[in-house]
$ cat work13.txt   # compact mmCIF, C-alpha atoms and all ligand atoms
# COMPACT_ATOMS: atom_id res chain seq x y z
CA MET U 1215 20.11 -18.11 33.23
CA ASN U 1216 20.86 -21.10 35.37
CA ARG U 1217 21.69 -20.44 39.03
CA ASP U 1218 25.37 -21.29 38.47
CA THR U 1219 25.49 -18.66 35.72
CA ILE U 1220 23.52 -16.08 37.75
CA CYS U 1221 26.23 -16.39 40.42
CA ILE U 1222 28.70 -15.05 37.87
CA HIS U 1223 26.66 -12.75 35.63
CA GLY U 1224 23.47 -11.85 37.57
CA GLY U 1225 22.62 -8.28 38.51
CA TYR U 1226 25.12 -6.47 36.30
CA THR U 1227 25.49 -6.22 32.53
CA PRO U 1228 28.25 -3.79 31.58
CA GLY U 1229 27.76 -1.65 28.50
CA ASN U 1230 30.37 -0.98 25.84
CA GLY U 1231 33.65 0.09 27.44
CA GLU U 1232 32.30 -0.17 30.98
CA PRO U 1233 34.08 -2.05 33.83
CA ARG U 1234 33.77 -5.83 33.55
CA ASN U 1235 33.54 -6.13 37.36
CA ILE U 1236 30.81 -4.42 39.36
CA PRO U 1237 32.40 -1.04 40.10
CA ILE U 1238 32.73 0.09 43.72
CA VAL U 1239 30.91 3.42 43.80
CA GLN U 1240 32.47 4.64 47.04
CA SER U 1241 30.54 7.89 47.12
CA THR U 1242 27.97 9.07 49.62
CA THR U 1243 26.42 11.53 47.18
CA PHE U 1244 25.52 12.01 43.53
CA ARG U 1245 25.57 15.29 41.61
CA TYR U 1246 22.63 16.86 39.77
CA ALA U 1247 22.48 19.94 37.56
CA THR U 1248 19.15 21.27 38.87
CA GLY U 1249 17.15 21.11 42.07
CA GLU U 1250 14.10 20.01 40.07
CA ALA U 1251 15.92 16.92 38.76
CA MET U 1252 16.84 15.93 42.29
CA GLY U 1253 13.35 16.77 43.58
CA ALA U 1254 11.84 14.20 41.19
CA LEU U 1255 14.05 11.57 42.80
CA PHE U 1256 12.92 12.56 46.29
CA ASP U 1257 9.31 12.22 45.13
CA LEU U 1258 10.08 8.72 43.77
CA GLU U 1259 8.95 10.06 40.39
CA ALA U 1260 12.26 9.41 38.67
CA SER U 1261 14.75 6.66 39.41
CA GLY U 1262 18.35 7.54 40.18
CA TYR U 1263 20.79 7.91 43.03
CA PHE U 1264 21.11 10.84 45.39
CA TYR U 1265 22.40 9.53 48.73
CA THR U 1266 23.98 6.14 49.52
CA ARG U 1267 21.94 5.59 52.70
CA LEU U 1268 18.92 5.20 50.41
CA GLN U 1269 20.53 3.53 47.41
CA ASN U 1270 23.93 2.96 45.85
CA PRO U 1271 24.72 1.42 42.43
CA THR U 1272 27.20 -1.19 43.77
CA ASN U 1273 24.75 -2.36 46.43
CA ASP U 1274 21.89 -2.43 43.91
CA HIS U 1275 23.78 -4.64 41.43
CA VAL U 1276 24.59 -7.15 44.17
CA ALA U 1277 21.02 -7.07 45.53
CA ALA U 1278 19.76 -7.70 41.98
CA LYS U 1279 22.00 -10.78 41.72
CA ILE U 1280 20.64 -12.22 44.99
CA THR U 1281 17.09 -11.41 43.83
CA GLN U 1282 17.68 -13.34 40.60
CA LEU U 1283 19.16 -16.27 42.52
CA GLU U 1284 16.03 -16.47 44.71
CA GLY U 1285 13.68 -15.94 41.76
CA GLY U 1286 12.18 -12.78 43.31
CA THR U 1287 10.99 -9.47 41.89
CA ALA U 1288 12.88 -6.97 44.09
CA GLY U 1289 15.63 -7.06 46.70
CA MET U 1290 17.82 -4.93 48.91
CA LEU U 1291 21.04 -5.30 50.89
CA THR U 1292 21.34 -4.48 54.57
CA SER U 1293 24.40 -4.07 56.76
CA SER U 1294 23.79 -7.39 58.60
CA GLY U 1295 21.48 -10.38 58.75
CA GLN U 1296 20.02 -8.92 61.95
CA ALA U 1297 19.02 -5.76 60.08
CA ALA U 1298 17.50 -7.87 57.25
CA ASN U 1299 15.26 -9.80 59.63
CA PHE U 1300 14.33 -6.68 61.58
CA TYR U 1301 13.39 -4.76 58.41
CA ALA U 1302 11.50 -7.70 56.87
CA VAL U 1303 9.25 -8.03 59.93
CA PHE U 1304 9.02 -4.34 60.89
CA ASN U 1305 7.99 -3.46 57.32
CA LEU U 1306 4.72 -5.29 58.06
CA ALA U 1307 4.20 -5.21 61.83
CA SER U 1308 4.19 -2.28 64.21
CA CYS U 1309 3.15 -1.54 67.78
CA GLY U 1310 0.06 -3.59 68.70
CA ASP U 1311 0.68 -6.25 66.03
CA HIS U 1312 1.58 -9.91 66.35
CA VAL U 1313 3.86 -12.36 64.49
CA VAL U 1314 4.03 -16.17 64.51
CA ALA U 1315 7.62 -17.49 64.46
CA SER U 1316 9.25 -20.89 64.48
CA SER U 1317 11.02 -21.52 67.79
CA ALA U 1318 13.93 -23.13 65.92
CA ILE U 1319 15.74 -19.97 64.87
CA TYR U 1320 19.12 -18.32 65.40
CA GLY U 1321 19.51 -17.06 68.98
CA GLY U 1322 20.18 -13.49 67.83
CA THR U 1323 16.92 -13.46 65.88
CA PHE U 1324 15.06 -14.93 68.85
CA ASN U 1325 16.42 -12.15 71.05
CA LEU U 1326 15.53 -9.51 68.44
CA PHE U 1327 11.94 -10.76 68.37
CA ALA U 1328 11.35 -11.81 71.99
CA VAL U 1329 13.11 -8.89 73.68
CA THR U 1330 13.83 -5.89 71.46
CA MET U 1331 10.82 -5.94 69.12
CA LYS U 1332 8.62 -6.85 72.06
CA ARG U 1333 9.73 -3.55 73.62
CA MET U 1334 8.42 -1.90 70.45
CA GLY U 1335 4.99 -3.39 71.18
CA ILE U 1336 5.11 -6.33 68.75
CA GLU U 1337 4.15 -9.69 70.25
CA PHE U 1338 5.61 -12.98 68.98
CA THR U 1339 4.20 -16.47 69.43
CA PHE U 1340 6.86 -19.14 68.97
CA VAL U 1341 5.82 -22.57 67.69
CA SER U 1342 7.94 -25.67 67.27
CA PRO U 1343 8.59 -26.40 63.56
CA ASP U 1344 7.03 -29.84 64.08
CA CYS U 1345 4.05 -28.61 66.12
CA SER U 1346 0.60 -30.12 65.51
CA GLU U 1347 -1.93 -28.49 63.17
CA GLU U 1348 -3.94 -27.44 66.24
CA GLU U 1349 -0.93 -25.72 67.84
CA LEU U 1350 -0.10 -23.91 64.59
CA GLU U 1351 -3.69 -22.81 64.12
CA ALA U 1352 -3.94 -21.63 67.74
CA ALA U 1353 -0.86 -19.41 67.32
CA PHE U 1354 -2.66 -16.99 64.96
CA ARG U 1355 -4.52 -13.91 66.21
CA PRO U 1356 -6.64 -11.31 64.39
CA ASN U 1357 -3.66 -8.90 64.56
CA THR U 1358 -1.09 -11.40 63.18
CA LYS U 1359 0.88 -9.80 60.33
CA ALA U 1360 3.43 -12.43 59.30
CA VAL U 1361 4.88 -15.89 59.88
CA PHE U 1362 8.66 -16.30 60.20
CA GLY U 1363 10.96 -19.34 60.10
CA GLU U 1364 14.41 -20.54 59.00
CA SER U 1365 14.64 -23.02 56.11
CA VAL U 1366 17.44 -24.79 58.02
CA ALA U 1367 17.64 -23.64 61.62
CA ASN U 1368 20.87 -22.43 63.23
CA PRO U 1369 22.02 -24.26 65.37
CA ALA U 1370 19.19 -26.85 65.67
CA LEU U 1371 19.67 -27.92 62.00
CA SER U 1372 15.96 -28.75 61.76
CA VAL U 1373 14.30 -28.23 58.34
CA LEU U 1374 11.12 -26.16 58.17
CA ASP U 1375 8.16 -27.63 56.26
CA ILE U 1376 7.88 -24.50 54.12
CA GLU U 1377 4.73 -25.58 52.23
CA ARG U 1378 2.90 -26.34 55.46
CA PHE U 1379 3.81 -23.01 57.07
CA ALA U 1380 3.02 -21.10 53.84
CA LYS U 1381 -0.40 -22.72 53.65
CA ALA U 1382 -1.17 -21.81 57.26
CA ALA U 1383 0.07 -18.22 56.77
CA HIS U 1384 -1.97 -17.72 53.59
CA ALA U 1385 -5.10 -19.20 55.17
CA HIS U 1386 -4.81 -16.33 57.68
CA GLY U 1387 -4.07 -13.72 55.00
CA VAL U 1388 -0.43 -13.11 55.99
CA PRO U 1389 2.90 -13.75 54.24
CA LEU U 1390 5.57 -16.30 55.14
CA ILE U 1391 9.08 -14.87 55.67
CA ILE U 1392 11.90 -17.40 55.39
CA ASP U 1393 15.48 -16.85 56.55
CA ASN U 1394 17.29 -18.91 53.89
CA THR U 1395 20.84 -18.30 55.17
CA PHE U 1396 21.99 -21.90 55.66
CA PRO U 1397 20.94 -23.63 52.41
CA THR U 1398 21.24 -20.47 50.24
CA PRO U 1399 19.26 -20.28 46.96
CA ILE U 1400 21.74 -22.72 45.45
CA ASN U 1401 20.19 -25.53 47.51
CA CYS U 1402 16.70 -24.24 48.33
CA ARG U 1403 14.40 -21.65 46.79
CA PRO U 1404 11.60 -21.01 49.30
CA PHE U 1405 9.48 -19.04 46.77
CA GLU U 1406 8.95 -22.28 44.81
CA PHE U 1407 7.22 -23.70 47.90
CA GLY U 1408 4.97 -20.76 48.72
CA ALA U 1409 7.17 -18.46 50.82
CA ASP U 1410 6.64 -14.76 50.10
CA ILE U 1411 9.74 -13.00 51.41
CA VAL U 1412 13.25 -14.35 51.92
CA THR U 1413 16.01 -12.95 54.13
CA HIS U 1414 19.71 -13.74 54.42
CA SER U 1415 22.67 -13.23 56.63
CA THR U 1416 25.04 -12.83 53.67
CA THR U 1417 27.82 -12.93 56.28
CA LYS U 1418 27.63 -16.72 55.97
CA TYR U 1419 27.91 -18.78 52.75
CA MET U 1420 27.07 -15.95 50.35
CA ASP U 1421 30.16 -13.95 51.33
CA GLY U 1422 31.73 -17.27 52.21
CA HIS U 1423 35.14 -16.09 53.35
CA ALA U 1424 34.34 -14.35 56.64
CA ASN U 1425 35.16 -10.98 55.05
CA ALA U 1426 32.06 -8.85 55.49
CA VAL U 1427 28.99 -8.81 57.71
CA GLY U 1428 25.86 -8.25 55.61
CA GLY U 1429 22.24 -9.12 54.94
CA ALA U 1430 19.66 -9.20 52.17
CA ILE U 1431 15.87 -9.18 51.74
CA VAL U 1432 14.12 -10.47 48.62
CA ASP U 1433 10.42 -10.19 47.79
CA SER U 1434 8.66 -12.77 45.59
CA GLY U 1435 6.13 -10.13 44.50
CA LYS U 1436 3.42 -12.76 44.93
CA PHE U 1437 1.69 -11.72 48.13
CA ASP U 1438 -1.31 -9.53 47.30
CA TRP U 1439 -1.27 -6.83 50.00
CA THR U 1440 -4.20 -5.07 48.32
CA LYS U 1441 -6.51 -7.93 49.34
CA TYR U 1442 -5.91 -6.90 52.96
CA PRO U 1443 -5.71 -3.07 52.93
CA ASP U 1444 -6.80 -2.82 56.57
CA LYS U 1445 -4.08 -5.21 57.66
CA TYR U 1446 -1.30 -3.56 55.64
CA PRO U 1447 -2.13 0.17 55.60
CA GLY U 1448 1.59 0.96 55.28
CA LEU U 1449 1.61 -0.64 51.84
CA CYS U 1450 -1.93 0.16 50.70
CA THR U 1451 -2.58 3.74 51.86
CA PRO U 1452 -0.62 6.98 51.31
CA ASP U 1453 2.68 7.31 53.22
CA GLU U 1454 2.55 10.87 54.51
CA SER U 1455 6.21 10.61 55.53
CA TYR U 1456 7.08 10.03 51.88
CA HIS U 1457 5.16 12.61 49.88
CA GLY U 1458 1.88 10.71 50.07
CA VAL U 1459 3.02 7.79 47.94
CA THR U 1460 0.93 4.57 48.08
CA TYR U 1461 3.51 1.86 47.53
CA THR U 1462 1.22 -0.82 46.04
CA GLU U 1463 -0.28 1.70 43.58
CA ARG U 1464 2.99 3.23 42.45
CA PHE U 1465 5.23 0.16 42.44
CA GLY U 1466 2.79 -2.76 42.08
CA LEU U 1467 3.09 -6.04 43.95
CA ALA U 1468 6.53 -6.58 42.40
CA GLY U 1469 8.11 -3.52 44.02
CA ALA U 1470 5.91 -2.27 46.89
CA PHE U 1471 7.48 -4.18 49.79
CA ILE U 1472 11.12 -3.42 48.98
CA THR U 1473 10.44 0.20 48.00
CA LYS U 1474 8.69 0.79 51.34
CA ALA U 1475 11.52 -0.93 53.25
CA THR U 1476 14.04 1.29 51.44
CA ALA U 1477 12.14 4.58 51.49
CA GLN U 1478 10.99 4.29 55.14
CA LEU U 1479 13.19 1.89 57.07
CA MET U 1480 16.55 2.42 55.41
CA ARG U 1481 15.90 6.15 55.41
CA ASP U 1482 15.17 6.14 59.15
CA PHE U 1483 17.38 3.34 60.53
CA GLY U 1484 20.20 3.55 57.99
CA SER U 1485 21.55 -0.01 58.15
CA ILE U 1486 23.19 0.23 54.73
CA PRO U 1487 26.25 -1.84 53.83
CA SER U 1488 29.29 -0.02 52.51
CA PRO U 1489 29.77 -0.41 48.73
CA GLN U 1490 33.16 -1.95 49.50
CA ASN U 1491 31.45 -4.70 51.53
CA ALA U 1492 28.89 -5.24 48.77
CA TYR U 1493 31.82 -5.72 46.38
CA TYR U 1494 33.33 -8.39 48.67
CA LEU U 1495 29.94 -10.05 48.85
CA ASN U 1496 29.76 -10.17 45.07
CA ILE U 1497 33.15 -11.86 44.85
CA GLY U 1498 31.81 -14.51 47.24
CA LEU U 1499 28.61 -14.91 45.22
CA GLU U 1500 30.58 -15.66 42.06
CA THR U 1501 31.73 -18.99 43.54
CA LEU U 1502 28.68 -19.72 45.71
CA SER U 1503 27.43 -22.71 43.73
CA LEU U 1504 30.89 -24.31 43.61
CA ARG U 1505 31.47 -23.77 47.32
CA MET U 1506 28.04 -24.99 48.41
CA ALA U 1507 28.51 -28.29 46.59
CA ARG U 1508 31.85 -28.78 48.33
CA HIS U 1509 30.59 -27.65 51.78
CA CYS U 1510 27.67 -30.09 51.52
CA ALA U 1511 29.74 -33.04 50.29
CA ASN U 1512 32.33 -32.47 53.03
CA ALA U 1513 29.68 -32.07 55.74
CA LEU U 1514 27.90 -35.26 54.72
CA ALA U 1515 31.22 -37.15 54.79
CA VAL U 1516 31.95 -35.79 58.29
CA ALA U 1517 28.42 -36.68 59.48
CA LYS U 1518 28.75 -40.25 58.15
CA TYR U 1519 32.17 -40.63 59.78
CA LEU U 1520 30.88 -39.36 63.14
CA LYS U 1521 27.78 -41.56 63.02
CA ASN U 1522 29.97 -44.66 63.02
CA HIS U 1523 32.47 -43.43 65.64
CA PRO U 1524 32.29 -45.19 69.04
CA LYS U 1525 33.04 -41.98 70.98
CA VAL U 1526 30.19 -40.05 69.38
CA ALA U 1527 26.79 -40.12 71.12
CA TRP U 1528 24.64 -38.56 68.37
CA VAL U 1529 24.90 -36.66 65.08
CA ARG U 1530 22.57 -34.20 63.32
CA HIS U 1531 22.83 -33.19 59.70
CA PRO U 1532 19.68 -32.79 57.58
CA SER U 1533 21.14 -34.61 54.56
CA LEU U 1534 22.29 -37.61 56.62
CA GLU U 1535 20.08 -40.64 56.06
CA GLY U 1536 18.29 -41.39 59.32
CA ASP U 1537 18.22 -37.74 60.46
CA PRO U 1538 14.75 -36.81 61.82
CA ASP U 1539 14.40 -34.19 59.04
CA TYR U 1540 15.98 -36.23 56.23
CA ALA U 1541 12.67 -36.51 54.30
CA LEU U 1542 12.05 -32.74 54.55
CA ALA U 1543 15.63 -32.03 53.43
CA GLN U 1544 15.18 -34.35 50.43
CA LYS U 1545 12.00 -32.50 49.50
CA TYR U 1546 13.18 -28.91 49.91
CA MET U 1547 16.92 -29.19 49.26
CA PRO U 1548 17.70 -32.44 47.43
CA LYS U 1549 21.11 -31.19 46.22
CA GLY U 1550 22.31 -30.71 49.82
CA SER U 1551 21.36 -28.71 52.90
CA CYS U 1552 24.36 -26.87 54.35
CA GLY U 1553 27.88 -27.46 55.61
CA VAL U 1554 27.05 -27.56 59.32
CA VAL U 1555 27.00 -30.73 61.42
CA SER U 1556 26.17 -30.87 65.12
CA PHE U 1557 27.06 -33.82 67.30
CA GLY U 1558 27.59 -34.95 70.87
CA VAL U 1559 30.78 -36.46 72.25
CA LYS U 1560 30.24 -39.24 74.79
CA GLY U 1561 31.29 -37.92 78.19
CA GLY U 1562 29.40 -34.63 78.01
CA ARG U 1563 30.81 -31.15 78.52
CA GLU U 1564 34.28 -32.28 79.58
CA ALA U 1565 34.72 -34.67 76.64
CA ALA U 1566 33.53 -32.01 74.20
CA SER U 1567 36.10 -29.56 75.61
CA LYS U 1568 38.86 -32.13 75.20
CA PHE U 1569 37.78 -32.80 71.61
CA MET U 1570 37.91 -29.09 70.81
CA ALA U 1571 41.38 -28.74 72.32
CA GLY U 1572 42.64 -31.61 70.15
CA LEU U 1573 41.68 -29.97 66.85
CA GLU U 1574 44.41 -28.32 64.80
CA LEU U 1575 43.05 -27.61 61.34
CA ALA U 1576 39.62 -26.53 62.56
CA SER U 1577 39.67 -23.23 64.39
CA ILE U 1578 37.53 -22.40 67.37
CA ALA U 1579 35.43 -19.47 66.18
CA THR U 1580 32.07 -17.85 66.86
CA HIS U 1581 31.07 -18.26 63.24
CA VAL U 1582 29.70 -20.74 60.77
CA ALA U 1583 29.55 -21.12 57.03
CA ASP U 1584 32.81 -19.87 55.64
CA ALA U 1585 35.59 -21.57 53.68
CA LYS U 1586 37.60 -22.59 56.75
CA THR U 1587 36.40 -25.40 59.01
CA CYS U 1588 35.50 -23.99 62.40
CA VAL U 1589 33.98 -25.34 65.54
CA LEU U 1590 32.12 -24.08 68.56
CA HIS U 1591 31.24 -25.79 71.82
CA PRO U 1592 28.43 -23.59 73.15
CA ALA U 1593 28.60 -25.06 76.69
CA SER U 1594 32.21 -23.93 77.17
CA THR U 1595 32.02 -20.66 75.17
CA THR U 1596 28.85 -18.75 74.29
CA HIS U 1597 26.79 -20.51 77.00
CA ARG U 1598 29.58 -21.18 79.53
CA GLN U 1599 27.84 -19.43 82.41
CA MET U 1600 24.92 -21.87 82.28
CA SER U 1601 24.48 -25.04 84.31
CA ASP U 1602 23.60 -28.29 82.53
CA ALA U 1603 19.94 -27.78 83.52
CA GLU U 1604 19.91 -24.26 82.10
CA LEU U 1605 21.58 -25.49 78.91
CA ALA U 1606 18.86 -28.11 78.45
CA GLN U 1607 16.23 -25.39 78.77
CA ALA U 1608 17.99 -23.39 76.04
CA GLY U 1609 18.02 -26.47 73.79
CA VAL U 1610 21.81 -26.81 73.95
CA SER U 1611 23.03 -30.13 75.35
CA PRO U 1612 26.34 -29.97 77.29
CA ASP U 1613 28.01 -32.27 74.78
CA LEU U 1614 26.81 -30.37 71.67
CA VAL U 1615 29.61 -29.47 69.26
CA ARG U 1616 28.68 -27.31 66.27
CA PHE U 1617 31.02 -28.18 63.45
CA SER U 1618 31.02 -25.89 60.40
CA VAL U 1619 32.69 -27.90 57.68
CA GLY U 1620 34.83 -25.87 55.29
CA ILE U 1621 36.02 -26.54 51.77
CA GLU U 1622 39.44 -27.99 52.60
CA ASP U 1623 40.37 -31.49 51.42
CA ILE U 1624 37.99 -33.89 53.18
CA GLN U 1625 40.84 -36.26 54.11
CA ASP U 1626 42.53 -33.46 56.06
CA ILE U 1627 39.28 -32.55 57.84
CA LEU U 1628 38.57 -36.18 58.78
CA ALA U 1629 42.15 -36.70 59.95
CA ASP U 1630 41.79 -33.68 62.24
CA VAL U 1631 38.50 -34.99 63.68
CA GLU U 1632 39.95 -38.50 64.12
CA LYS U 1633 43.00 -37.21 65.99
CA ALA U 1634 40.90 -34.96 68.25
CA LEU U 1635 38.48 -37.81 69.09
CA ALA U 1636 41.38 -40.12 69.85
CA ALA U 1637 42.53 -37.65 72.53
CA VAL U 1638 39.16 -37.72 74.31
N1 LIG P 1 20.06 -15.56 60.48
C1 LIG P 1 20.78 -16.69 60.67
C2 LIG P 1 20.20 -18.00 60.25
C3 LIG P 1 22.06 -16.63 61.25
O1 LIG P 1 22.76 -17.76 61.43
C4 LIG P 1 22.57 -15.36 61.64
C5 LIG P 1 23.89 -15.24 62.28
O2 LIG P 1 24.53 -16.21 62.64
C6 LIG P 1 21.78 -14.23 61.43
C7 LIG P 1 20.54 -14.36 60.84
C8 LIG P 1 22.28 -12.86 61.83
O3 LIG P 1 23.15 -12.43 60.83
P1 LIG P 1 24.34 -11.38 61.06
O4 LIG P 1 25.32 -11.99 62.00
O5 LIG P 1 24.85 -11.17 59.66
O6 LIG P 1 23.72 -10.13 61.60
$ encode --input "work13.txt" --output "structure tokens" --more "lines below"
Ligand code: PLP
Amino acid sequence: MNRDTICIHGGYTPGNGEPRNIPIVQSTTFRYATGEAMGALFDLEASGYFYTRLQNPTNDHVAAKITQLEGGTAGMLTSSGQAANFYAVFNLASCGDHVVASSAIYGGTFNLFAVTMKRMGIEFTFVSPDCSEEELEAAFRPNTKAVFGESVANPALSVLDIERFAKAAHAHGVPLIIDNTFPTPINCRPFEFGADIVTHSTTKYMDGHANAVGGAIVDSGKFDWTKYPDKYPGLCTPDESYHGVTYTERFGLAGAFITKATAQLMRDFGSIPSPQNAYYLNIGLETLSLRMARHCANALAVAKYLKNHPKVAWVRHPSLEGDPDYALAQKYMPKGSCGVVSFGVKGGREAASKFMAGLELASIATHVADAKTCVLHPASTTHRQMSDAELAQAGVSPDLVRFSVGIEDIQDILADVEKALAAV
């Protein structure tokens, strides 16, 4: 199936007389006639459902759709994008291990890595996505277990050279994990360029309507853990906490990573989405390809308009000709990158605040990537306590406006921007 068709039909094929829509199985538990039948499930010897924290049919259908969209072999949903990134990394690295990460990543992910996972004994080395070969090489250590980056970074909007980072990761015998939230698999499929594991904050374009917080992890099934049994004992040796199962032996490369993440991490941390939220996510997925095309076309039109506006100091959008990452965007996501544009209003922090106040259609919201155009001025909201010098250190210029372009009529969006800029 084509990706447009997978959006509609992927992950669920109803049998005769069964519901046409993915049913919401709003049940924590599943009944069995004998203890032996249920015991086989606990031993991972039979497949079936017994408790929704581990698996639920609604969630599994939706995870299967996302897995098909990415071209992977196995996938799982999580209750948030944060949980997806935490699980993806923690499934490979534990206390005493090390991970290389791009420095151009979502602030919440940076905090998760640099503060919270550091407290768990995992060290991260952050490298700029356009670092030199020497810098990238120097970031690896003997205890490095993975490389992590965002295909399109939030909010920097830089594009990661996925092939380059995959090559470096594989040369050191570790997988590349890509957070593919912004372009979605409609625009970019990281597995085709050598990435091994993909994560998502489905809260963004996949849900698309700001209905439900959620996340997903997909495995390509390509990384051969068994070549490095000493590095990945959790995948290659018996898991005593799960009846002595060796994930790579029992589930092969196609299923080992996701089965371990489910059986160990979901069992112990429990960041499962509700089946109701998975159902909302699926409704969003059905129109993902239509919406992405519109988000991207609208964002490019806004970026072009801003580029020529005398009150605008600078504009960043990966699909805008002249953008520093235009060539990378054309290589990895030729159909479009995402619906987010960042730009600076001449006059700095004060001018940006005035611009925001002049908007009517676009709402001021701490969000990106849903149907409604929304805008955030970090210097007067999320980063308002910082001085201009501190903002610069955090990579946020005082004039930076993050504009998440929705799927309204482009003339209405441009008219709103024009009016707000006129008031500056
Ligand atoms: N990854 C990216 C690229 C994001 O933009 C976000 C949130 O904005 C996250 C992960 C975290 O996702 P969530 O808010 O669903 O936990």
$ closest_residue --input "work13.txt" --among "U:Glu1377, U:Asp1613, U:Glu1500, U:Asp1626" --to "U:Trp1528" --atoms "only C-alpha atoms"
U:Asp1613
$ residues_around --input "work13.txt" --residues "stretch 1336-1345 of chain U" --least-positions-apart "2" --cutoff "10 Å" --atoms "all atoms listed in the file" --output "NGL selection string"
:U and (1303-1304 or 1307-1319 or 1324 or 1327-1334 or 1347-1355 or 1357-1358 or 1360-1364 or 1367 or 1372-1376 or 1378-1379 or 1539)
$ atom_distance --input "work13.txt" --atom1 "atom CA of U:Val1555" --atom2 "atom CA of U:Asp1602"
21.5 Å
$ residues_near_ligand --input "work13.txt" --ligand "ligand LIG 1 (chain P)" --cutoff "8 Å" --atoms "all atoms listed in the file" --output "ChimeraX atom specification"
/U:1293-1299,1319-1320,1322-1323,1364,1366-1369,1393-1396,1413-1418,1427-1429,1581-1582
$ atom_distance --input "work13.txt" --atom1 "atom CA of U:Leu1371" --atom2 "atom CA of U:Ala1629"
24.2 Å
$ residues_around --input "work13.txt" --residues "U:Gly1536" --least-positions-apart "6" --cutoff "12 Å" --atoms "all atoms listed in the file" --output "list in words"
Ala1517, Lys1518, Lys1521, Trp1528, Val1529, Arg1530, Leu1542, Ala1543 and Gln1544 of chain U
$ atom_distance --input "work13.txt" --atom1 "atom CA of U:Arg1505" --atom2 "atom CA of U:Gly1553"
9.8 Å
$ closest_residue --input "work13.txt" --among "U:Thr1248, U:Ser1551, U:Ser1488, U:Thr1580" --to "U:Asn1512" --atoms "all atoms listed in the file"
U:Ser1551
$ residues_around --input "work13.txt" --residues "U:Phe1483" --least-positions-apart "4" --cutoff "12 Å" --atoms "all atoms listed in the file" --output "JSON, numbers by chain"
{"U": [1267, 1268, 1292, 1293, 1297, 1298, 1300, 1301, 1304, 1475, 1476, 1477, 1478, 1479]}
$ residues_near_point --input "work13.txt" --point "(11.5, -12.1, 54.5)" --cutoff "6 Å" --atoms "only C-alpha atoms" --output "PDB file with C-alpha atoms, in the frame of the given file"
ATOM      1  CA  ALA U1302      11.500  -7.700  56.870  1.00  0.00           C
ATOM      2  CA  ILE U1391       9.080 -14.870  55.670  1.00  0.00           C
ATOM      3  CA  ILE U1392      11.900 -17.400  55.390  1.00  0.00           C
ATOM      4  CA  ILE U1411       9.740 -13.000  51.410  1.00  0.00           C
ATOM      5  CA  VAL U1412      13.250 -14.350  51.920  1.00  0.00           C
ATOM      6  CA  THR U1413      16.010 -12.950  54.130  1.00  0.00           C
ATOM      7  CA  ILE U1431      15.870  -9.180  51.740  1.00  0.00           C
TER       8      ILE U1431
END
$ closest_atom_pairs --input "work13.txt" --of "stretch 1235-1300 of chain U" --to "stretch 1448-1457 of chain U" --cutoff "9 Å" --atoms "all atoms listed in the file" --output "tab-separated table"
residue	atom	partner	partner_atom	distance
U:Phe1256	CA	U:Tyr1456	CA	8.5
U:Asp1257	CA	U:His1457	CA	6.3
U:Leu1258	CA	U:Tyr1456	CA	8.7
$ closest_residue --input "work13.txt" --among "U:Leu1534, U:Ala1254, U:Val1459, U:Ala1468" --to "U:Asp1410" --atoms "all atoms listed in the file"
U:Ala1468
$ closest_residue --input "work13.txt" --among "U:Gly1387, U:Pro1233, U:Gly1253, U:Gly1422" --to "U:Ala1585" --atoms "all atoms listed in the file"
U:Gly1422
$ residues_around --input "work13.txt" --residues "U:Asn1491" --least-positions-apart "6" --cutoff "10 Å" --atoms "only C-alpha atoms" --output "PDB file with C-alpha atoms, in the frame of the given file"
ATOM      1  CA  ILE U1238      32.730   0.090  43.720  1.00  0.00           C
ATOM      2  CA  THR U1272      27.200  -1.190  43.770  1.00  0.00           C
ATOM      3  CA  ASN U1273      24.750  -2.360  46.430  1.00  0.00           C
ATOM      4  CA  SER U1293      24.400  -4.070  56.760  1.00  0.00           C
ATOM      5  CA  ASP U1421      30.160 -13.950  51.330  1.00  0.00           C
ATOM      6  CA  ASN U1425      35.160 -10.980  55.050  1.00  0.00           C
ATOM      7  CA  ALA U1426      32.060  -8.850  55.490  1.00  0.00           C
ATOM      8  CA  VAL U1427      28.990  -8.810  57.710  1.00  0.00           C
ATOM      9  CA  GLY U1428      25.860  -8.250  55.610  1.00  0.00           C
ATOM     10  CA  ILE U1497      33.150 -11.860  44.850  1.00  0.00           C
TER      11      ILE U1497
END
$ closest_residue --input "work13.txt" --among "U:Ala1515, U:Val1638, U:Ala1565, U:Met1547" --to "U:Asp1623" --atoms "all atoms listed in the file"
U:Ala1515
$ closest_residue --input "work13.txt" --among "U:His1384, U:Arg1464, U:Lys1549, U:Gly1289" --to "U:Ala1260" --atoms "only C-alpha atoms"
U:Arg1464
